[in-house]
file input31.pdb (PDB, C-alpha atoms)
ATOM      1  CA  MET A   1      33.912 153.415 112.478
ATOM      2  CA  VAL A   2      34.335 156.623 114.544
ATOM      3  CA  ALA A   3      33.429 154.720 117.728
ATOM      4  CA  THR A   4      36.114 152.129 116.944
ATOM      5  CA  LEU A   5      38.743 154.851 116.510
ATOM      6  CA  VAL A   6      37.745 156.528 119.776
ATOM      7  CA  GLN A   7      37.854 153.228 121.648
ATOM      8  CA  ALA A   8      41.226 152.391 120.126
ATOM      9  CA  HIS A   9      42.714 155.618 121.442
ATOM     10  CA  GLU A  10      40.951 155.900 124.796
ATOM     11  CA  GLY A  11      43.825 154.218 126.628
ATOM     12  CA  GLU A  12      46.519 156.187 124.832
ATOM     13  CA  SER A  13      48.364 158.730 126.950
ATOM     14  CA  ASP A  14      49.343 162.241 125.885
ATOM     15  CA  PHE A  15      52.952 161.104 126.266
ATOM     16  CA  ASN A  16      52.409 158.241 123.826
ATOM     17  CA  LYS A  17      50.659 160.594 121.397
ATOM     18  CA  PHE A  18      53.629 162.943 121.605
ATOM     19  CA  LEU A  19      56.000 160.035 120.924
ATOM     20  CA  GLY A  20      53.764 158.738 118.126
ATOM     21  CA  ILE A  21      53.502 155.239 119.549
ATOM     22  CA  ASP A  22      50.710 152.824 120.367
ATOM     23  CA  THR A  23      51.244 150.730 123.478
ATOM     24  CA  GLN A  24      47.810 149.152 123.766
ATOM     25  CA  GLY A  25      47.994 145.478 124.559
ATOM     26  CA  LEU A  26      51.559 145.719 125.831
ATOM     27  CA  SER A  27      52.623 144.885 129.357
ATOM     28  CA  GLN A  28      53.905 147.706 131.542
ATOM     29  CA  GLU A  29      57.494 146.521 131.021
ATOM     30  CA  GLU A  30      57.031 146.380 127.235
ATOM     31  CA  THR A  31      55.395 149.822 127.248
ATOM     32  CA  ILE A  32      58.330 151.365 129.121
ATOM     33  CA  HIS A  33      60.763 149.722 126.695
ATOM     34  CA  VAL A  34      58.878 151.075 123.664
ATOM     35  CA  GLN A  35      58.628 154.557 125.210
ATOM     36  CA  LYS A  36      62.358 154.714 125.974
ATOM     37  CA  HIS A  37      63.229 153.670 122.437
ATOM     38  CA  ALA A  38      60.806 156.200 120.978
ATOM     39  CA  VAL A  39      62.530 158.925 123.010
ATOM     40  CA  MET A  40      65.980 157.767 121.864
ATOM     41  CA  ASP A  41      64.847 157.505 118.233
ATOM     42  CA  ASP A  42      63.601 161.107 118.064
ATOM     43  CA  LEU A  43      65.850 163.172 120.301
ATOM     44  CA  GLU A  44      65.349 166.241 118.111
ATOM     45  CA  LYS A  45      61.594 166.178 118.791
ATOM     46  CA  VAL A  46      62.224 165.659 122.516
ATOM     47  CA  GLY A  47      64.718 168.536 122.550
ATOM     48  CA  ASN A  48      62.282 170.857 120.771
ATOM     49  CA  LYS A  49      59.536 170.009 123.283
ATOM     50  CA  ALA A  50      61.930 170.547 126.178
ATOM     51  CA  ASN A  51      62.918 173.933 124.728
ATOM     52  CA  GLU A  52      59.231 174.924 124.637
ATOM     53  CA  GLU A  53      59.045 174.133 128.354
ATOM     54  CA  LEU A  54      62.383 175.816 129.127
ATOM     55  CA  ALA A  55      61.150 179.023 127.476
ATOM     56  CA  ASN A  56      58.794 179.399 130.457
ATOM     57  CA  LEU A  57      61.598 179.282 133.025
ATOM     58  CA  PRO A  58      61.959 182.406 135.125
ATOM     59  CA  GLY A  59      65.014 184.540 134.369
ATOM     60  CA  LEU A  60      66.643 183.574 137.674
ATOM     61  CA  ALA A  61      66.470 179.892 136.781
ATOM     62  CA  LYS A  62      68.061 180.589 133.383
ATOM     63  CA  ILE A  63      70.894 182.425 135.136
ATOM     64  CA  ILE A  64      71.423 179.507 137.531
ATOM     65  CA  VAL A  65      71.416 176.982 134.708
ATOM     66  CA  GLY A  66      73.616 179.141 132.450
ATOM     67  CA  LYS A  67      75.830 176.798 130.466
ATOM     68  CA  THR A  68      75.236 173.297 131.753
ATOM     69  CA  ASN A  69      76.100 169.832 130.481
ATOM     70  CA  ILE A  70      73.789 167.081 131.694
ATOM     71  CA  ASN A  71      73.907 163.309 131.375
ATOM     72  CA  ILE A  72      70.463 161.786 131.841
ATOM     73  CA  TYR A  73      70.548 158.148 132.862
ATOM     74  CA  PHE A  74      67.377 156.120 132.379
ATOM     75  CA  GLU A  75      66.830 153.019 134.482
ATOM     76  CA  GLY A  76      68.626 150.344 132.500
ATOM     77  CA  GLU A  77      71.379 151.308 130.092
ATOM     78  CA  ASP A  78      70.133 154.304 128.069
ATOM     79  CA  VAL A  79      71.834 157.683 128.489
ATOM     80  CA  ILE A  80      71.148 161.033 126.856
ATOM     81  CA  GLY A  81      73.695 163.852 126.873
ATOM     82  CA  VAL A  82      72.303 167.386 126.859
ATOM     83  CA  GLN A  83      73.996 170.777 126.604
ATOM     84  CA  VAL A  84      71.984 173.771 127.813
ATOM     85  CA  GLN A  85      73.014 177.372 127.293
ATOM     86  CA  ASP A  86      71.004 180.418 128.366
ATOM     87  CA  GLY A  87      67.937 178.294 129.132
ATOM     88  CA  LYS A  88      67.890 176.497 125.767
ATOM     89  CA  ILE A  89      69.019 173.041 124.725
ATOM     90  CA  THR A  90      71.771 173.455 122.151
ATOM     91  CA  THR A  91      72.754 169.773 121.872
ATOM     92  CA  ILE A  92      70.937 166.547 122.641
ATOM     93  CA  GLN A  93      72.528 163.223 121.824
ATOM     94  CA  TYR A  94      72.389 159.536 122.605
ATOM     95  CA  GLY A  95      75.220 158.726 124.996
ATOM     96  CA  THR A  96      77.128 160.733 127.541
ATOM     97  CA  ILE A  97      78.467 164.227 127.086
ATOM     98  CA  GLU A  98      81.852 165.437 128.337
ATOM     99  CA  ASP A  99      82.524 168.064 130.999
ATOM    100  CA  VAL A 100      79.269 167.169 132.727
ATOM    101  CA  THR A 101      77.743 169.531 135.293
ATOM    102  CA  PHE A 102      74.855 167.290 136.412
ATOM    103  CA  ASN A 103      74.036 163.613 136.311
ATOM    104  CA  VAL A 104      70.283 163.015 136.361
ATOM    105  CA  TYR A 105      68.776 159.608 137.080
ATOM    106  CA  ILE A 106      65.244 158.726 135.953
ATOM    107  CA  SER A 107      63.470 155.591 137.136
ATOM    108  CA  ASP A 108      60.940 153.622 135.140
ATOM    109  CA  ASN A 109      58.263 154.980 137.509
ATOM    110  CA  VAL A 110      58.505 158.284 135.617
ATOM    111  CA  PHE A 111      57.489 156.512 132.401
ATOM    112  CA  ILE A 112      54.639 154.786 134.241
ATOM    113  CA  SER A 113      53.309 158.124 135.523
ATOM    114  CA  LEU A 114      53.669 159.690 132.062
ATOM    115  CA  GLU A 115      51.709 156.763 130.616
ATOM    116  CA  ASP A 116      48.965 157.285 133.217
ATOM    117  CA  ASN A 117      48.969 161.087 132.762
ATOM    118  CA  THR A 118      49.760 161.409 136.485
ATOM    119  CA  PHE A 119      53.332 162.734 136.257
ATOM    120  CA  ASP A 120      54.135 165.363 138.871
ATOM    121  CA  LEU A 121      57.691 166.719 139.048
ATOM    122  CA  LYS A 122      57.505 167.535 142.764
ATOM    123  CA  GLN A 123      56.243 164.039 143.527
ATOM    124  CA  ALA A 124      58.891 162.412 141.299
ATOM    125  CA  LEU A 125      61.627 164.339 143.126
ATOM    126  CA  SER A 126      60.110 163.525 146.514
ATOM    127  CA  ASN A 127      59.847 159.806 145.655
ATOM    128  CA  LYS A 128      63.381 159.872 144.242
ATOM    129  CA  ASP A 129      62.083 158.721 140.852
ATOM    130  CA  ILE A 130      64.175 161.616 139.559
ATOM    131  CA  THR A 131      67.449 162.357 141.299
ATOM    132  CA  PHE A 132      70.395 164.495 140.309
ATOM    133  CA  LYS A 133      73.931 165.186 141.442
ATOM    134  CA  GLY A 134      76.292 168.038 140.751
ATOM    135  CA  VAL A 135      79.637 167.043 139.256
ATOM    136  CA  GLY A 136      82.764 169.051 139.989
ATOM    137  CA  PHE A 137      82.941 172.363 141.788
ATOM    138  CA  VAL A 138      80.598 174.281 139.458
ATOM    139  CA  GLY A 139      78.136 171.401 139.321
ATOM    140  CA  LYS A 140      77.998 171.158 143.088
ATOM    141  CA  MET A 141      77.444 174.915 143.376
ATOM    142  CA  LYS A 142      74.627 174.772 140.809
ATOM    143  CA  TYR A 143      73.206 171.718 142.579
ATOM    144  CA  GLY A 144      73.000 173.724 145.816
ATOM    145  CA  MET A 145      71.257 176.593 144.025
ATOM    146  CA  VAL A 146      68.782 174.271 142.288
ATOM    147  CA  LYS A 147      67.993 172.527 145.597
ATOM    148  CA  ALA A 148      67.389 175.927 147.201
ATOM    149  CA  VAL A 149      65.047 176.993 144.412
ATOM    150  CA  LEU A 150      63.161 173.684 144.635
ATOM    151  CA  ALA A 151      62.799 174.133 148.402
ATOM    152  CA  ILE A 152      61.384 177.609 147.880
ATOM    153  CA  ILE A 153      58.779 176.388 145.368
ATOM    154  CA  GLY A 154      57.827 173.518 147.654
ATOM    155  CA  SER A 155      59.512 170.418 146.278
TER     156      SER A 155
END
call {"tool": "encode", "arguments": {"input": "input31.pdb", "output": "structure tokens"}}
result
Amino acid sequence: MVATLVQAHEGESDFNKFLGIDTQGLSQEETIHVQKHAVMDDLEKVGNKANEELANLPGLAKIIVGKTNINIYFEGEDVIGVQVQDGKITTIQYGTIEDVTFNVYISDNVFISLEDNTFDLKQALSNKDITFKGVGFVGKMKYGMVKAVLAIIGS
């Protein structure tokens, strides 16, 4: 019985465990679809996990981010609106948010790399699997600062 349970979960990614989904036996396209819907269905959990990661941001990055509104567009039609203040997500919702500072675009390749446990932010940015644009004067200024910081850390 233990061997059966281990075999049943061998192919499961950490990302899928986090989302609480089982994608075994699904095609890559079906897996991506299920993952996206799991993210959309539990935005609070996703926001909490993101806040854990944001807590590790250096102080300079938190200053650059400051108060920022972000619309995250997934390949297809799904959009998440996020408000960040002082390095912490204060709002996360399905759909766009007003007074946006950044638009972020995420390709399905990001979900594939998360499924395979091979996700690398620098690589995703380099491959343009994740792109972002500043909106308005403040957004464009922050975009320039973020690009500079990414260049310094080697992205």
call {"tool": "atom_distance", "arguments": {"input": "input31.pdb", "atom1": "CA of Phe132 (chain A)", "atom2": "CA of Ile70 (chain A)"}}
result
9.6 Å
call {"tool": "resolve_selection", "arguments": {"input": "input31.pdb", "expression": "the PyMOL selection byres ((chain A and resi 99) around 12)", "output": "VMD selection string"}}
result
chain A and resid 67 to 71 81 to 83 96 to 98 100 to 103 134 to 139
call {"tool": "residues_around", "arguments": {"input": "input31.pdb", "residues": "Phe18 (chain A)", "least_positions_apart": "4", "cutoff": "10 Å", "atoms": "all atoms listed in the file", "output": "list in words"}}
result
Ser13, Asp14, Ala38, Val39, Lys45, Val46 and Lys49 of chain A
call {"tool": "atom_distance", "arguments": {"input": "input31.pdb", "atom1": "CA of Glu53 (chain A)", "atom2": "CA of Val84 (chain A)"}}
result
13.0 Å
call {"tool": "resolve_selection", "arguments": {"input": "input31.pdb", "expression": "the PyMOL selection byres ((chain A and resi 86) around 9)", "output": "ChimeraX atom specification"}}
result
/A:62-63,65-68,84-85,87-89
call {"tool": "resolve_selection", "arguments": {"input": "input31.pdb", "expression": "the PyMOL selection byres ((chain A and resi 108-121) around 9)", "output": "list of chain:residue names"}}
result
A:Gly11, A:Glu12, A:Ser13, A:Asp14, A:Phe15, A:Asn16, A:Gln28, A:Glu29, A:Thr31, A:Ile32, A:Gln35, A:Lys36, A:Phe74, A:Glu75, A:Gly76, A:Ile106, A:Ser107, A:Lys122, A:Gln123, A:Ala124, A:Leu125, A:Ser126, A:Asp129, A:Ile130, A:Ser155
call {"tool": "atom_distance", "arguments": {"input": "input31.pdb", "atom1": "CA of Lys17 (chain A)", "atom2": "CA of Ile92 (chain A)"}}
result
21.2 Å
call {"tool": "residues_around", "arguments": {"input": "input31.pdb", "residues": "Gly95 (chain A)", "least_positions_apart": "4", "cutoff": "10 Å", "atoms": "all atoms listed in the file", "output": "list of chain:residue names"}}
result
A:Met40, A:Asn71, A:Ile72, A:Tyr73, A:Glu77, A:Asp78, A:Val79, A:Ile80, A:Gly81, A:Val82
call {"tool": "closest_residue", "arguments": {"input": "input31.pdb", "among": "A:Lys133, A:Leu54, A:Gln93, A:Asp22", "to": "Asp42 (chain A)", "atoms": "all atoms listed in the file"}}
result
A:Gln93
call {"tool": "closest_residue", "arguments": {"input": "input31.pdb", "among": "A:Lys140, A:Val146, A:Tyr94, A:Ala151", "to": "Leu43 (chain A)", "atoms": "all atoms listed in the file"}}
result
A:Tyr94
call {"tool": "decode", "arguments": {"input": "input31.pdb", "residues": "region 129-145 of chain A", "atoms": "N, CA and C atoms", "output": "PDB file, in the first residue's frame"}}
result
ATOM      1  N   ASP A 129       9.231  34.485 -21.038  1.00  0.00           N
ATOM      2  CA  ASP A 129       8.066  33.761 -20.541  1.00  0.00           C
ATOM      3  C   ASP A 129       7.355  34.592 -19.487  1.00  0.00           C
ATOM      4  N   ILE A 130       8.093  35.528 -18.892  1.00  0.00           N
ATOM      5  CA  ILE A 130       7.523  36.544 -18.013  1.00  0.00           C
ATOM      6  C   ILE A 130       8.025  37.887 -18.537  1.00  0.00           C
ATOM      7  N   THR A 131       7.080  38.756 -18.856  1.00  0.00           N
ATOM      8  CA  THR A 131       7.431  40.104 -19.282  1.00  0.00           C
ATOM      9  C   THR A 131       6.597  41.083 -18.469  1.00  0.00           C
ATOM     10  N   PHE A 132       7.056  42.310 -18.397  1.00  0.00           N
ATOM     11  CA  PHE A 132       6.287  43.318 -17.673  1.00  0.00           C
ATOM     12  C   PHE A 132       6.525  44.683 -18.286  1.00  0.00           C
ATOM     13  N   LYS A 133       5.538  45.554 -18.104  1.00  0.00           N
ATOM     14  CA  LYS A 133       5.610  46.909 -18.631  1.00  0.00           C
ATOM     15  C   LYS A 133       5.111  47.871 -17.573  1.00  0.00           C
ATOM     16  N   GLY A 134       5.790  48.991 -17.461  1.00  0.00           N
ATOM     17  CA  GLY A 134       5.329  50.059 -16.585  1.00  0.00           C
ATOM     18  C   GLY A 134       4.205  50.822 -17.257  1.00  0.00           C
ATOM     19  N   VAL A 135       3.213  51.229 -16.469  1.00  0.00           N
ATOM     20  CA  VAL A 135       2.073  51.967 -16.991  1.00  0.00           C
ATOM     21  C   VAL A 135       2.073  53.354 -16.349  1.00  0.00           C
ATOM     22  N   GLY A 136       1.978  54.376 -17.163  1.00  0.00           N
ATOM     23  CA  GLY A 136       1.979  55.739 -16.650  1.00  0.00           C
ATOM     24  C   GLY A 136       3.379  56.164 -16.247  1.00  0.00           C
ATOM     25  N   PHE A 137       3.491  57.396 -15.819  1.00  0.00           N
ATOM     26  CA  PHE A 137       4.791  57.961 -15.474  1.00  0.00           C
ATOM     27  C   PHE A 137       5.466  57.199 -14.337  1.00  0.00           C
ATOM     28  N   VAL A 138       4.734  56.987 -13.238  1.00  0.00           N
ATOM     29  CA  VAL A 138       5.312  56.293 -12.077  1.00  0.00           C
ATOM     30  C   VAL A 138       5.663  54.857 -12.439  1.00  0.00           C
ATOM     31  N   GLY A 139       4.789  54.199 -13.170  1.00  0.00           N
ATOM     32  CA  GLY A 139       5.050  52.820 -13.577  1.00  0.00           C
ATOM     33  C   GLY A 139       6.288  52.699 -14.446  1.00  0.00           C
ATOM     34  N   LYS A 140       6.462  53.645 -15.337  1.00  0.00           N
ATOM     35  CA  LYS A 140       7.639  53.612 -16.210  1.00  0.00           C
ATOM     36  C   LYS A 140       8.918  53.893 -15.425  1.00  0.00           C
ATOM     37  N   MET A 141       8.822  54.782 -14.429  1.00  0.00           N
ATOM     38  CA  MET A 141       9.989  55.028 -13.569  1.00  0.00           C
ATOM     39  C   MET A 141      10.335  53.765 -12.776  1.00  0.00           C
ATOM     40  N   LYS A 142       9.323  53.142 -12.179  1.00  0.00           N
ATOM     41  CA  LYS A 142       9.563  51.912 -11.412  1.00  0.00           C
ATOM     42  C   LYS A 142      10.076  50.805 -12.320  1.00  0.00           C
ATOM     43  N   TYR A 143       9.554  50.733 -13.537  1.00  0.00           N
ATOM     44  CA  TYR A 143      10.018  49.743 -14.505  1.00  0.00           C
ATOM     45  C   TYR A 143      11.518  49.910 -14.739  1.00  0.00           C
ATOM     46  N   GLY A 144      11.957  51.144 -14.936  1.00  0.00           N
ATOM     47  CA  GLY A 144      13.386  51.411 -15.147  1.00  0.00           C
ATOM     48  C   GLY A 144      14.217  50.982 -13.951  1.00  0.00           C
ATOM     49  N   MET A 145      13.715  51.246 -12.740  1.00  0.00           N
ATOM     50  CA  MET A 145      14.448  50.845 -11.538  1.00  0.00           C
ATOM     51  C   MET A 145      14.500  49.331 -11.398  1.00  0.00           C
TER      52      MET A 145
END
